[in-house]
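Here is the structure we will look at, set down as C-alpha cells.
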Amino acid sequence: MILFWSSVAASAVAVIGCAYLLMAAILLRGVARHRSVTCPAAAPSVTILKPLYGDEPGLFDNLRSFCIQDYRGDVQIVFGVQTPDDAAIATVERLRRVLPGRDFDLVIDTKTHGLNRKVSSLVNMAPRIRHDVVVVADSDIRVDPSHLSRVIAALEEPGISAVTCLYYGVAITGIWARLGALFINAQFLPSVVFGVALGLARPCFGSTLALRREALAAIGGFNPFADCLADDYAMGQALRTHAGKIAIPPFAVAHVCTQGSFGQLWRQQLRWARTIRSIDPIGYTGSVLGHPLPWALLAALLGAGSTALVPAIALAVVTIACRGAVLREVERAYVLSSQPYWLVPACDLLSFAVFVVSFLRWDVSWRGRRFRMVAGAWTADRGTQS
C-alpha cells in the first residue's frame, strides 16, 4: 500500500507538471500573436560592447550579425579580450578585413577587476564608449539585421531604463549541442515566458542588455558586478532599483550552442542550474514541478504490480506529448526550424538529473576556472577544468 500511494503521489506531481506545460504553451501562443517588427522614431548613436574569450565555433558569424544591422544611426562596436594571445583577436581582424569602414575598436587589457572575467573585460572596455546608448551582448549570440532597431524602439518607450531579450537555442555542432539547444527551447525559454507572464520572474539576460549611459552611471558602471557570476541578473536588479523598468520585447535572439561532448553540456547546465539556485532558491526548488516525465516514470516504477502501473505509463506518454506541444509553440512564436522531438525524453531526464545534482554541491566550472560558493559568496578555486 505504501508503494501504491507513493505512486499516486508521484502521478499527482506529474499531472501538475502537465498543467504547467499546457499553461506555458498557451502563453507562448500569445507571444506568437504579438510578435512584430518595430522601427524606432529616432536613431540615437549606439555603442555595442562584445566581451570575447577564445575563438569559439560560430564566433565570426555571431559577431558579423551585429555588424550588419539595418540601423539608421551610428554604431560603434567595441570588442574586448584580456590576453594578447586570445584566439578571438584573429576573428576580429578578419571582420575588419571583410567589413572595411566599420567603426570597430579592439581592447586588449590584462587588468582583472574581480572573479568575473566577462565583467572585467567590460570594465576595461568602458572608457572606449562614445555614444549615449550602450548595448552589451555575449559572444555566443546571433541576431537578425532588424535587432538593433527593435531594441532601440523598446528602449524609447516611456519609463523604460533598459531592454533585455529572451533567447532560443540553435545548435551548430553535434548531438550534444542539439541537446543543449533543446534544454533552452523546451524548458528554459517556456519557463521564463511563464514566469514573466505571471509576475514570478524579473530576468535580465546577457543575450542583449541595452541601456542609456546615464542608467549605467546610476548603477555605478560595470565595476560593482565584477565579483558576480550572475552578472546579468545583478545588473538587472540594480537597474530596476536605481533607474527604472526593464523591458522584455516579444522577440528573441539566437543563443548558439556548441557543446562538443557530454561533459561540456553537463558542466554548462550544472553551472546555469546552480547559479539560478543561488539567485532564487525558493523558486528554483519549486521548479521541481516542471519535470513531469521523471515523476510519471517514478510513479510507474512504484506502481509496478499494482493498478497504478497502467495509468502511470499512460501519464508518462501524456507528459512527453505536453512537452512536445510546448516545443511546437516555441517554434511558432520564434519562427524556428523543426526541433529534434525524438530527443525530448532524453532532455527531460537529463534536465531532472541536473536539477537533483545541483543541490549536492556549490561548485561550478566556467571558462577554464572553477568557482565555489562559501558563506553566500562565490570564490575562485585553483582548478583548470574548462
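We label chains A, B, ... in the order they appear in the C-alpha cells, count residues from 1 in each chain, and number ligands from 1 in the order shown.
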Would you mind listing, for every residue of range 151-216 of chain A within 10 Å of range 256-278 of chain A, the two atoms forming the shortest contact and the distance between them in Å to one decimal, using only C-alpha atoms, sorted by chain and ascending residue number, as a Markdown table?
| residue | atom | partner | partner_atom | distance |
| --- | --- | --- | --- | --- |
| A:Tyr167 | CA | A:Val256 | CA | 9.7 |
| A:Tyr168 | CA | A:Val256 | CA | 8.5 |
| A:Gly169 | CA | A:Val256 | CA | 6.0 |
| A:Val170 | CA | A:Val256 | CA | 5.0 |
| A:Ala171 | CA | A:Cys257 | CA | 4.7 |
| A:Ile172 | CA | A:Thr258 | CA | 6.1 |
| A:Thr173 | CA | A:Thr258 | CA | 5.6 |
| A:Gly174 | CA | A:Gly260 | CA | 6.6 |
| A:Ile175 | CA | A:Gly260 | CA | 8.0 |
| A:Trp176 | CA | A:Gln259 | CA | 5.6 |
| A:Ala177 | CA | A:Gln259 | CA | 4.7 |
| A:Arg178 | CA | A:Cys257 | CA | 7.4 |
| A:Leu179 | CA | A:Leu265 | CA | 8.1 |
| A:Gly180 | CA | A:Cys257 | CA | 6.3 |
| A:Ala181 | CA | A:Cys257 | CA | 6.0 |
| A:Leu182 | CA | A:Cys257 | CA | 9.7 |
| A:Phe183 | CA | A:Gln269 | CA | 8.6 |
| A:Ile184 | CA | A:Cys257 | CA | 9.7 |
Who sits within 12 Å of Gly159 in chain A, only C-alpha atoms, same chain under 4 positions skipped, as a VMD selection string = chain A and resid 154 to 155 163 215 240 243 to 247
Once you have the residues from the selection above, write them out as a PDB file, in the first residue's frame, restricted to C-alpha atoms.
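The result, stored in part21.pdb:
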ATOM      1  CA  ALA A 154      11.669  49.290 -26.983  1.00  0.00           C
ATOM      2  CA  LEU A 155      14.192  51.468 -25.142  1.00  0.00           C
ATOM      3  CA  VAL A 163      15.902  46.412 -22.593  1.00  0.00           C
ATOM      4  CA  ALA A 215      21.382  54.449 -16.414  1.00  0.00           C
ATOM      5  CA  ARG A 240      15.263  48.287 -11.576  1.00  0.00           C
ATOM      6  CA  ALA A 243      16.965  53.577 -12.933  1.00  0.00           C
ATOM      7  CA  GLY A 244      13.533  52.139 -13.740  1.00  0.00           C
ATOM      8  CA  LYS A 245      11.733  49.385 -15.601  1.00  0.00           C
ATOM      9  CA  ILE A 246      13.448  46.815 -17.840  1.00  0.00           C
ATOM     10  CA  ALA A 247      11.501  45.928 -20.979  1.00  0.00           C
TER      11      ALA A 247
END
remark   = One decimal place gives the CA of Val78 in chain A-CA of Leu189 in chain A separation as 28.7 Å
Top pick for closest residue to Gly324 in chain A, considering A:Leu166, A:Ala24, A:Leu49, A:Leu298 and counting only C-alpha atoms =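 Among the listed residues, A:Ala24 lies closest to Gly324 in chain A.
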task = Could you give me, as JSON, numbers by chain, each residue of range 175-319 of chain A that DSSP assigns to helix (DSSP H, G or I) when run on this structure's backbone?
result = {"A": [175, 176, 177, 178, 179, 180, 181, 182, 183, 184, 185, 186, 187, 188, 189, 190, 191, 192, 193, 194, 195, 196, 197, 213, 214, 215, 216, 217, 218, 223, 224, 225, 231, 232, 233, 234, 235, 236, 237, 238, 239, 240, 241, 242, 262, 263, 264, 265, 266, 267, 268, 269, 270, 271, 272, 273, 274, 275, 276, 277, 278, 279, 281, 282, 283, 284, 285, 286, 287, 288, 289, 290, 292, 293, 294, 295, 296, 297, 298, 299, 300, 301, 302, 309, 310, 311, 312, 313, 314, 315, 316, 317, 318, 319]}
Using only C-alpha atoms, find each residue of range 169-259 of chain A with at least one atom at most 10 Å away from an atom of range 280-293 of chain A; report its shortest atom-to-atom pair and that distance in Å (one decimal), sort the rows by chain and rising residue number, and return the result as a tab-separated table.
residue	atom	partner	partner_atom	distance
A:Gln187	CA	A:Gly290	CA	8.2
A:Ser191	CA	A:Gly290	CA	8.3
A:Gly195	CA	A:Gly283	CA	9.9
A:Leu200	CA	A:Gly283	CA	8.4
A:Ala201	CA	A:Gly283	CA	9.0
For the selection you just gave me, I'd like the residues written to a file as an mmCIF file, in the first residue's frame, keeping N, CA and C atoms.
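Contents of the output file out_4.cif:
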data_model
loop_
_atom_site.group_PDB
_atom_site.id
_atom_site.type_symbol
_atom_site.label_atom_id
_atom_site.label_comp_id
_atom_site.auth_asym_id
_atom_site.auth_seq_id
_atom_site.Cartn_x
_atom_site.Cartn_y
_atom_site.Cartn_z
ATOM 1 N N GLN A 187 12.593 23.873 -22.325
ATOM 2 C CA GLN A 187 12.472 24.003 -20.876
ATOM 3 C C GLN A 187 12.732 25.426 -20.389
ATOM 4 N N SER A 191 9.795 28.328 -19.447
ATOM 5 C CA SER A 191 9.698 28.655 -18.023
ATOM 6 C C SER A 191 9.835 30.153 -17.796
ATOM 7 N N GLY A 195 7.084 32.522 -16.199
ATOM 8 C CA GLY A 195 7.395 33.305 -15.010
ATOM 9 C C GLY A 195 7.161 34.785 -15.198
ATOM 10 N N LEU A 200 6.281 36.166 -11.762
ATOM 11 C CA LEU A 200 7.124 35.372 -10.865
ATOM 12 C C LEU A 200 8.609 35.532 -11.160
ATOM 13 N N ALA A 201 8.934 36.138 -12.294
ATOM 14 C CA ALA A 201 10.335 36.278 -12.696
ATOM 15 C C ALA A 201 10.582 37.693 -13.196
#
